[in-house]
>>> print(open('work_8.cif').read())   # mmCIF, C-alpha atoms
data_target
loop_
_atom_site.label_atom_id
_atom_site.label_comp_id
_atom_site.auth_asym_id
_atom_site.auth_seq_id
_atom_site.Cartn_x
_atom_site.Cartn_y
_atom_site.Cartn_z
CA MET A 1 262.21 -19.14 90.95
CA GLN A 2 259.08 -21.12 90.99
CA THR A 3 258.01 -19.53 87.72
CA ARG A 4 261.22 -20.62 85.96
CA VAL A 5 260.95 -24.12 87.37
CA GLY A 6 257.30 -24.32 86.41
CA ARG A 7 258.01 -23.32 82.75
CA PHE A 8 260.76 -25.97 82.12
CA PRO A 9 258.42 -28.98 81.84
CA ILE A 10 256.37 -27.09 79.25
CA VAL A 11 259.44 -26.43 77.08
CA ALA A 12 260.56 -30.03 77.44
CA LEU A 13 257.13 -31.22 76.42
CA ILE A 14 257.18 -29.06 73.28
CA VAL A 15 260.60 -30.42 72.31
CA ALA A 16 259.49 -34.00 72.93
CA ILE A 17 256.40 -33.53 70.74
CA ALA A 18 258.53 -32.10 67.92
CA MET A 19 260.96 -35.01 68.12
CA LEU A 20 258.11 -37.51 68.07
CA ALA A 21 256.60 -35.85 64.99
CA ALA A 22 259.94 -35.96 63.19
CA ALA A 23 260.36 -39.60 64.05
CA CYS A 24 256.90 -40.40 62.71
CA ALA A 25 257.62 -38.52 59.48
CA SER A 26 260.88 -40.40 59.11
CA GLY A 27 259.12 -43.69 59.69
CA GLU A 28 256.51 -42.88 57.04
CA SER A 29 259.26 -42.04 54.54
CA ALA A 30 261.09 -45.30 55.23
CA ASP A 31 257.89 -47.27 54.82
CA ASP A 32 257.19 -45.53 51.51
CA THR A 33 260.71 -46.33 50.28
CA THR A 34 260.38 -49.97 51.27
CA THR A 35 257.07 -50.25 49.46
CA THR A 36 258.48 -48.72 46.28
CA GLN A 37 261.44 -51.08 46.26
CA ALA A 38 259.24 -54.09 46.92
CA GLU A 39 257.00 -53.08 44.01
CA ALA A 40 260.08 -52.85 41.80
CA GLY A 41 261.13 -56.36 42.76
CA THR A 42 264.24 -55.34 44.69
CA THR A 43 265.34 -55.50 48.29
CA THR A 44 267.71 -53.16 50.06
CA THR A 45 270.42 -54.11 52.54
CA GLN A 46 271.59 -51.19 54.67
CA ALA A 47 270.83 -48.74 51.84
CA SER A 48 273.89 -49.81 49.86
CA ALA A 49 273.44 -53.23 48.16
CA THR A 50 270.38 -54.02 46.06
CA GLU A 51 269.31 -57.38 44.70
CA VAL A 52 266.69 -58.67 42.32
CA ASP A 53 265.07 -62.08 41.94
CA VAL A 54 265.07 -63.38 38.36
CA GLU A 55 264.20 -66.59 36.57
CA THR A 56 266.17 -67.86 33.59
CA TYR A 57 265.45 -70.78 31.28
CA TYR A 58 268.22 -73.10 32.45
CA GLY A 59 269.40 -71.33 35.59
CA GLY A 60 266.01 -71.33 37.31
CA GLU A 61 265.30 -68.83 40.07
CA ASP A 62 268.23 -66.76 41.25
CA THR A 63 268.96 -63.70 43.35
CA VAL A 64 271.59 -61.43 41.84
CA PRO A 65 272.86 -57.87 42.29
CA PHE A 66 270.57 -55.25 40.80
CA ASN A 67 272.03 -52.88 38.21
CA PRO A 68 275.63 -54.19 38.38
CA GLN A 69 278.30 -51.82 37.12
CA ARG A 70 281.13 -54.29 36.47
CA VAL A 71 280.11 -57.41 34.56
CA VAL A 72 282.11 -60.29 33.12
CA VAL A 73 280.25 -61.92 30.22
CA LEU A 74 281.21 -65.44 29.12
CA ASP A 75 278.71 -65.86 26.27
CA TYR A 76 278.47 -63.86 23.06
CA ALA A 77 274.68 -64.17 22.83
CA VAL A 78 274.41 -62.36 26.17
CA LEU A 79 277.03 -59.81 25.11
CA ASP A 80 274.96 -59.26 21.96
CA THR A 81 271.84 -58.55 24.00
CA LEU A 82 273.64 -56.20 26.41
CA ASP A 83 275.01 -54.34 23.39
CA TYR A 84 271.52 -54.12 21.85
CA LEU A 85 270.08 -52.70 25.08
CA GLY A 86 272.86 -50.10 25.43
CA LEU A 87 274.50 -51.83 28.40
CA GLY A 88 277.87 -52.58 26.85
CA ASP A 89 279.64 -50.07 29.07
CA ARG A 90 279.00 -52.37 32.04
CA VAL A 91 281.09 -55.18 30.53
CA VAL A 92 284.68 -55.35 31.83
CA GLY A 93 285.81 -58.76 30.54
CA ILE A 94 284.97 -61.30 27.81
CA PRO A 95 286.50 -64.58 26.55
CA ALA A 96 288.34 -62.85 23.69
CA GLY A 97 290.54 -65.91 23.18
CA THR A 98 287.65 -66.85 20.91
CA PRO A 99 287.39 -63.60 18.93
CA PRO A 100 283.91 -62.05 19.15
CA PRO A 101 281.90 -61.48 15.97
CA ALA A 102 282.99 -58.45 13.96
CA TYR A 103 279.98 -56.38 15.04
CA LEU A 104 281.07 -56.90 18.67
CA SER A 105 284.78 -56.44 17.98
CA ALA A 106 285.02 -53.28 20.10
CA TYR A 107 284.63 -55.49 23.18
CA ALA A 108 287.79 -57.41 22.24
CA GLU A 109 289.72 -54.50 23.76
CA LEU A 110 288.41 -55.42 27.21
CA GLU A 111 290.21 -57.78 29.58
CA ASN A 112 290.58 -61.24 28.01
CA VAL A 113 289.32 -63.90 30.44
CA GLY A 114 289.96 -66.98 28.26
CA ASN A 115 287.95 -68.50 25.42
CA LEU A 116 284.37 -69.72 25.12
CA PHE A 117 285.23 -73.09 26.68
CA GLU A 118 288.10 -72.42 29.12
CA PHE A 119 288.37 -69.42 31.41
CA ASP A 120 291.13 -67.61 33.27
CA MET A 121 289.77 -67.56 36.80
CA GLU A 122 292.59 -65.33 38.07
CA ALA A 123 291.89 -62.75 35.39
CA ILE A 124 288.18 -62.79 36.23
CA ASN A 125 288.90 -62.43 39.93
CA ALA A 126 291.27 -59.50 39.31
CA LEU A 127 288.47 -57.61 37.58
CA GLU A 128 286.42 -57.61 40.80
CA PRO A 129 283.11 -58.03 38.95
CA ASP A 130 279.74 -57.30 40.51
CA LEU A 131 278.24 -60.08 38.39
CA ILE A 132 279.46 -62.89 36.12
CA ILE A 133 277.09 -64.04 33.37
CA VAL A 134 277.57 -67.55 31.99
CA GLY A 135 275.65 -69.13 29.15
CA GLY A 136 275.79 -71.16 25.97
CA ARG A 137 279.18 -72.82 25.72
CA SER A 138 279.92 -71.91 29.36
CA TYR A 139 276.73 -73.59 30.56
CA GLY A 140 277.32 -75.36 33.87
CA MET A 141 280.02 -72.95 35.04
CA GLU A 142 277.79 -70.87 37.29
CA GLU A 143 278.77 -72.63 40.52
CA ASP A 144 282.49 -72.31 39.74
CA MET A 145 282.13 -68.62 39.02
CA GLU A 146 280.23 -68.00 42.25
CA ALA A 147 283.49 -68.68 44.08
CA ILE A 148 284.59 -65.33 42.65
CA ALA A 149 281.42 -63.22 42.47
CA PRO A 150 277.65 -63.56 42.10
CA ALA A 151 276.84 -65.39 38.87
CA VAL A 152 273.79 -66.13 36.75
CA ASP A 153 273.25 -68.62 33.92
CA ILE A 154 271.59 -67.15 30.83
CA THR A 155 271.67 -70.01 28.34
CA PHE A 156 269.32 -69.94 25.35
CA GLU A 157 267.46 -73.05 24.23
CA TRP A 158 268.06 -74.12 20.64
CA GLY A 159 264.99 -76.27 20.05
CA SER A 160 262.31 -74.73 17.87
CA ASP A 161 259.50 -75.50 20.31
CA THR A 162 261.27 -73.76 23.17
CA PHE A 163 263.52 -71.09 21.67
CA LEU A 164 261.01 -68.25 21.87
CA ASP A 165 260.18 -69.23 25.46
CA SER A 166 263.83 -69.12 26.45
CA LEU A 167 264.33 -65.85 24.56
CA GLN A 168 261.41 -64.33 26.43
CA MET A 169 262.51 -65.58 29.85
CA ASN A 170 266.21 -64.81 29.53
CA THR A 171 265.79 -61.39 27.93
CA THR A 172 263.26 -60.47 30.61
CA ALA A 173 265.77 -61.52 33.27
CA ILE A 174 268.45 -59.31 31.72
CA GLY A 175 266.00 -56.43 31.70
CA GLN A 176 265.22 -56.98 35.38
CA ILE A 177 268.87 -57.25 36.38
CA PHE A 178 269.79 -53.95 34.73
CA GLY A 179 266.54 -52.09 35.29
CA VAL A 180 265.58 -51.90 31.59
CA GLU A 181 262.48 -54.08 31.64
CA ASP A 182 260.53 -51.84 29.24
CA GLU A 183 263.31 -51.78 26.65
CA ALA A 184 263.71 -55.56 26.85
CA GLN A 185 259.97 -56.12 26.41
CA ASP A 186 259.83 -53.72 23.47
CA ALA A 187 262.58 -55.73 21.78
CA LEU A 188 260.75 -59.01 22.42
CA ASP A 189 257.52 -57.58 21.04
CA ALA A 190 259.39 -56.50 17.90
CA VAL A 191 260.78 -60.03 17.46
CA ASP A 192 257.31 -61.54 17.79
CA THR A 193 255.81 -59.14 15.27
CA ALA A 194 258.63 -59.50 12.73
CA SER A 195 258.63 -63.31 13.04
CA ALA A 196 254.91 -63.49 12.38
CA ASP A 197 255.24 -61.21 9.35
CA VAL A 198 258.01 -63.35 7.82
CA ALA A 199 256.11 -66.57 8.50
CA ALA A 200 253.06 -65.16 6.72
CA GLN A 201 255.15 -64.35 3.63
CA ALA A 202 257.10 -67.61 3.69
CA ALA A 203 253.96 -69.72 3.36
CA ASP A 204 253.87 -69.10 -0.40
CA GLU A 205 257.59 -69.31 -1.12
CA GLY A 206 258.00 -73.04 -1.69
CA THR A 207 260.51 -75.18 0.18
CA GLY A 208 263.76 -74.27 1.89
CA LEU A 209 266.89 -75.90 3.26
CA VAL A 210 269.42 -74.63 5.81
CA ILE A 211 272.98 -75.82 5.24
CA LEU A 212 276.34 -75.13 6.86
CA THR A 213 279.80 -75.43 5.31
CA SER A 214 282.85 -76.19 7.42
CA GLY A 215 286.25 -77.57 6.50
CA GLY A 216 285.16 -78.25 2.95
CA GLU A 217 282.16 -80.32 4.10
CA VAL A 218 278.47 -79.51 3.88
CA SER A 219 275.85 -80.27 6.54
CA ALA A 220 272.10 -79.74 6.56
CA TYR A 221 269.54 -78.82 9.20
CA GLY A 222 265.91 -79.88 9.12
CA PRO A 223 262.83 -78.98 11.16
CA ASP A 224 263.39 -81.68 13.78
CA SER A 225 267.10 -81.17 14.30
CA GLU A 226 266.78 -79.84 17.85
CA GLY A 227 269.49 -77.46 16.75
CA ARG A 228 269.89 -73.74 16.56
CA PHE A 229 268.50 -73.26 13.05
CA ASP A 230 265.30 -75.26 12.97
CA LEU A 231 263.50 -72.07 13.99
CA VAL A 232 263.83 -71.11 10.30
CA TYR A 233 261.15 -73.70 9.63
CA ASN A 234 259.14 -73.75 12.83
CA VAL A 235 259.15 -70.05 13.71
CA LEU A 236 259.85 -68.22 10.46
CA GLY A 237 257.62 -70.51 8.43
CA ILE A 238 259.93 -71.85 5.72
CA THR A 239 258.51 -75.15 4.42
CA PRO A 240 261.25 -77.78 4.86
CA ALA A 241 262.65 -79.31 1.71
CA ALA A 242 263.86 -82.32 3.70
CA GLU A 243 262.67 -83.87 6.93
CA GLN A 244 264.72 -85.17 9.85
CA VAL A 245 268.21 -84.00 9.00
CA ALA A 246 270.78 -82.73 11.49
CA ILE A 247 270.55 -84.68 14.70
CA ASP A 248 273.53 -82.86 16.17
CA THR A 249 274.52 -79.23 16.52
CA HIS A 250 276.73 -79.16 13.43
CA GLY A 251 274.18 -80.79 11.15
CA ASP A 252 274.09 -84.02 9.17
CA ALA A 253 276.74 -84.39 6.47
CA ILE A 254 275.21 -84.23 3.02
CA SER A 255 276.40 -84.38 -0.60
CA TYR A 256 275.84 -81.97 -3.45
CA GLU A 257 273.67 -84.71 -4.96
CA PHE A 258 271.44 -84.47 -1.88
CA ILE A 259 270.99 -80.75 -2.48
CA ALA A 260 270.19 -81.36 -6.14
CA ASP A 261 267.70 -84.14 -5.36
CA THR A 262 266.06 -82.10 -2.62
CA ASN A 263 265.90 -79.11 -4.99
CA PRO A 264 264.96 -76.40 -2.47
CA ASP A 265 263.32 -73.19 -3.64
CA ILE A 266 265.31 -71.35 -0.96
CA LEU A 267 268.81 -72.28 0.19
CA ILE A 268 270.03 -70.65 3.41
CA VAL A 269 273.79 -71.00 3.77
CA LEU A 270 276.06 -70.57 6.79
CA ASP A 271 279.84 -70.40 6.39
CA ARG A 272 281.22 -71.64 9.72
CA ASP A 273 284.87 -71.21 8.71
CA ALA A 274 284.29 -67.54 7.96
CA ALA A 275 282.52 -67.08 11.29
CA ILE A 276 285.33 -68.56 13.38
CA GLY A 277 288.21 -67.26 11.29
CA ALA A 278 289.30 -70.64 9.94
CA GLU A 279 291.06 -70.99 6.62
CA GLY A 280 289.51 -72.84 3.72
CA ALA A 281 287.27 -72.47 0.71
CA SER A 282 284.31 -70.17 1.24
CA ALA A 283 280.75 -71.43 1.16
CA ALA A 284 280.16 -69.58 -2.11
CA GLU A 285 283.14 -71.36 -3.68
CA LEU A 286 282.05 -74.78 -2.46
CA LEU A 287 278.50 -74.38 -3.73
CA ASP A 288 279.46 -73.01 -7.12
CA ASN A 289 279.01 -76.30 -8.96
CA GLU A 290 276.68 -77.80 -11.53
CA LEU A 291 274.53 -79.71 -9.04
CA VAL A 292 273.79 -76.73 -6.80
CA ASN A 293 273.51 -74.28 -9.69
CA GLY A 294 270.75 -76.43 -11.17
CA THR A 295 268.47 -76.08 -8.15
CA SER A 296 265.38 -73.92 -8.11
CA ALA A 297 267.05 -71.76 -5.44
CA ALA A 298 270.02 -70.99 -7.67
CA GLN A 299 267.92 -70.49 -10.78
CA ASN A 300 265.68 -67.98 -9.01
CA ASP A 301 268.46 -66.19 -7.11
CA LYS A 302 267.20 -67.53 -3.79
CA ILE A 303 270.52 -68.65 -2.27
CA LEU A 304 270.99 -66.63 0.90
CA TYR A 305 274.49 -66.38 2.38
CA VAL A 306 273.78 -65.21 5.90
CA ASP A 307 275.79 -63.33 8.52
CA THR A 308 277.07 -66.55 10.07
CA ALA A 309 278.77 -64.85 13.03
CA LYS A 310 275.36 -63.75 14.25
CA TRP A 311 273.64 -67.02 13.38
CA TYR A 312 276.38 -69.25 14.80
CA LEU A 313 278.46 -67.46 17.46
CA ALA A 314 275.85 -65.21 19.03
CA PHE A 315 272.64 -67.16 18.46
CA GLY A 316 269.98 -65.96 20.93
CA GLY A 317 271.11 -62.35 21.26
CA LEU A 318 268.73 -59.57 20.29
CA ASN A 319 271.01 -58.27 17.53
CA SER A 320 271.43 -61.84 16.29
CA ILE A 321 267.77 -62.82 16.18
CA THR A 322 266.83 -59.48 14.61
CA THR A 323 269.35 -60.03 11.81
CA MET A 324 268.20 -63.63 11.28
CA ILE A 325 264.62 -62.48 10.83
CA GLU A 326 265.63 -59.65 8.51
CA GLU A 327 267.78 -61.92 6.34
CA VAL A 328 265.09 -64.57 5.94
CA ASP A 329 262.63 -61.78 5.22
CA SER A 330 264.88 -60.59 2.39
CA VAL A 331 264.69 -63.94 0.60
CA VAL A 332 260.92 -64.42 0.98
CA ASP A 333 260.03 -60.81 0.19
#
>>> encode(input="work_8.cif", output="structure tokens")
Amino acid sequence: MQTRVGRFPIVALIVAIAMLAAACASGESADDTTTTQAEAGTTTTQASATEVDVETYYGGEDTVPFNPQRVVVLDYAVLDTLDYLGLGDRVVGIPAGTPPPAYLSAYAELENVGNLFEFDMEAINALEPDLIIVGGRSYGMEEDMEAIAPAVDITFEWGSDTFLDSLQMNTTAIGQIFGVEDEAQDALDAVDTASADVAAQAADEGTGLVILTSGGEVSAYGPDSEGRFDLVYNVLGITPAAEQVAIDTHGDAISYEFIADTNPDILIVLDRDAAIGAEGASAAELLDNELVNGTSAAQNDKILYVDTAKWYLAFGGLNSITTMIEEVDSVVD
């Protein structure tokens, strides 16, 4: 009897030591997991919800869900970038009331949550999104959207001095949110390299002018327009044929005489009506006149009719900026 009683404490001690060792091993594993997540820039709440801290150009610092699976996107530049990075399957709703560009038309089959300026809050709420991304024409809507779900503002800057900075910051933020930082950085590096190559070629190509046609009228953009297309001059290196035109986002109205007098060696043309599906004479029809046909650009086959949907509706997206660079490259090559 005494022997059995005497052996019990020994067994209990062995069991206690085993439990303590298991607890220590578990603690080491938890610490390792926490360290890994901290290094990745994420935090974990009860092993279910993860978040990431990001910084965007206009939105500033923000904490948003990491790797969201259901995303409502209210800006076509952001949709463009998600598509480029292979993340389109996360998108569950877009403002299809303003039809997306043709190359993004597959997303028009998703839930329609309004147009680029006015949104159907009930439709957005019904989608139960993990994240709502505002930007561009929906700038300033982040706080309203946060009443429904976490939201982040990814608005691109149009000014030539700041566009590449905003592209870098916002694209990096998208990469961090979805866990594709390397892919996002690779895309940014490609933009930098391609831009520099085009700028080097453009230096010897004479002067250029960016114009936009809309409703039968013609507008021009110069290097100090603070608009979306002055990067043609200040980033892609086209020497401006005219200074200080376009002080608003739709350019300064010009005449065909202005184009003839300016006589650009390269004429880059956007057809806004075609991009937004409006009726009216095409840019090619409007510019087919004696004054324009007499320019150096026309004489040397240097009139470039660009993919305006990408230049105008989705400016700032990775598909968009890649196409812009490629198209300018084609006319300076």
>>> resolve_selection(input="work_8.cif", expression="the PyMOL selection byres ((chain A and resi 114) around 10)", output="ChimeraX atom specification")
/A:74,93-98,111-113,115-121,123-124
>>> atom_distance(input="work_8.cif", atom1="CA of Thr50 in chain A", atom2="CA of Ala126 in chain A")
22.6 Å
>>> residues_around(input="work_8.cif", residues="range 289-300 of chain A", least_positions_apart="5", cutoff="7 Å", atoms="all atoms listed in the file", output="list in words")
Tyr256, Glu257, Ile259, Ala260, Asn263, Pro264, Asp265, Ile266 and Leu267 of chain A
>>> write_last_selection(input="work_8.cif", atoms="C-alpha atoms", output="short mmCIF file (atom, residue, chain, number, x, y, z; two decimals), keeping the file's coordinate frame")
data_model
loop_
_atom_site.label_atom_id
_atom_site.label_comp_id
_atom_site.auth_asym_id
_atom_site.auth_seq_id
_atom_site.Cartn_x
_atom_site.Cartn_y
_atom_site.Cartn_z
CA TYR A 256 275.84 -81.97 -3.45
CA GLU A 257 273.67 -84.71 -4.96
CA ILE A 259 270.99 -80.75 -2.48
CA ALA A 260 270.19 -81.36 -6.14
CA ASN A 263 265.90 -79.11 -4.99
CA PRO A 264 264.96 -76.40 -2.47
CA ASP A 265 263.32 -73.19 -3.64
CA ILE A 266 265.31 -71.35 -0.96
CA LEU A 267 268.81 -72.28 0.19
#
>>> closest_residue(input="work_8.cif", among="A:Leu188, A:Leu236, A:Ala278, A:Val152", to="Asp165 in chain A", atoms="all atoms listed in the file")
A:Leu188
>>> resolve_selection(input="work_8.cif", expression="the PyMOL selection byres ((chain A and resi 88) around 12)", output="PyMOL selection string")
chain A and resi 68-73+76+78-87+89-94+104-108+110+178
>>> residues_near_point(input="work_8.cif", point="(272.7, -66.1, 19.5)", cutoff="10 Å", atoms="all atoms listed in the file", output="ChimeraX atom specification")
/A:75-81,136,155-158,167,228,309-321,324
>>> write_last_selection(input="work_8.cif", atoms="C-alpha atoms", output="PDB file, in the coordinates of the input")
ATOM      1  CA  ASP A  75     278.710 -65.860  26.270  1.00  0.00           C
ATOM      2  CA  TYR A  76     278.470 -63.860  23.060  1.00  0.00           C
ATOM      3  CA  ALA A  77     274.680 -64.170  22.830  1.00  0.00           C
ATOM      4  CA  VAL A  78     274.410 -62.360  26.170  1.00  0.00           C
ATOM      5  CA  LEU A  79     277.030 -59.810  25.110  1.00  0.00           C
ATOM      6  CA  ASP A  80     274.960 -59.260  21.960  1.00  0.00           C
ATOM      7  CA  THR A  81     271.840 -58.550  24.000  1.00  0.00           C
ATOM      8  CA  GLY A 136     275.790 -71.160  25.970  1.00  0.00           C
ATOM      9  CA  THR A 155     271.670 -70.010  28.340  1.00  0.00           C
ATOM     10  CA  PHE A 156     269.320 -69.940  25.350  1.00  0.00           C
ATOM     11  CA  GLU A 157     267.460 -73.050  24.230  1.00  0.00           C
ATOM     12  CA  TRP A 158     268.060 -74.120  20.640  1.00  0.00           C
ATOM     13  CA  LEU A 167     264.330 -65.850  24.560  1.00  0.00           C
ATOM     14  CA  ARG A 228     269.890 -73.740  16.560  1.00  0.00           C
ATOM     15  CA  ALA A 309     278.770 -64.850  13.030  1.00  0.00           C
ATOM     16  CA  LYS A 310     275.360 -63.750  14.250  1.00  0.00           C
ATOM     17  CA  TRP A 311     273.640 -67.020  13.380  1.00  0.00           C
ATOM     18  CA  TYR A 312     276.380 -69.250  14.800  1.00  0.00           C
ATOM     19  CA  LEU A 313     278.460 -67.460  17.460  1.00  0.00           C
ATOM     20  CA  ALA A 314     275.850 -65.210  19.030  1.00  0.00           C
ATOM     21  CA  PHE A 315     272.640 -67.160  18.460  1.00  0.00           C
ATOM     22  CA  GLY A 316     269.980 -65.960  20.930  1.00  0.00           C
ATOM     23  CA  GLY A 317     271.110 -62.350  21.260  1.00  0.00           C
ATOM     24  CA  LEU A 318     268.730 -59.570  20.290  1.00  0.00           C
ATOM     25  CA  ASN A 319     271.010 -58.270  17.530  1.00  0.00           C
ATOM     26  CA  SER A 320     271.430 -61.840  16.290  1.00  0.00           C
ATOM     27  CA  ILE A 321     267.770 -62.820  16.180  1.00  0.00           C
ATOM     28  CA  MET A 324     268.200 -63.630  11.280  1.00  0.00           C
TER      29      MET A 324
END
>>> atom_distance(input="work_8.cif", atom1="CA of Asp192 in chain A", atom2="CA of Leu164 in chain A")
8.7 Å
>>> closest_residue(input="work_8.cif", among="A:Ala202, A:Val331, A:Val54, A:Ile325", to="Ala190 in chain A", atoms="all atoms listed in the file")
A:Ile325
>>> residues_near_point(input="work_8.cif", point="(263.5, -62.3, 0.1)", cutoff="12 Å", atoms="only C-alpha atoms", output="VMD selection string")
chain A and resid 198 to 199 201 to 202 204 to 205 238 265 to 268 297 300 to 305 325 to 333
>>> resolve_selection(input="work_8.cif", expression="the PyMOL selection byres ((chain A and resi 180) around 12)", output="PyMOL selection string")
chain A and resi 40+66-67+81-82+84-87+171-179+181-187
>>> atom_distance(input="work_8.cif", atom1="CA of Glu128 in chain A", atom2="CA of Pro150 in chain A")
10.7 Å
>>> closest_residue(input="work_8.cif", among="A:Asp62, A:Asp307, A:Thr322, A:Glu285", to="Asp189 in chain A", atoms="all atoms listed in the file")
A:Thr322
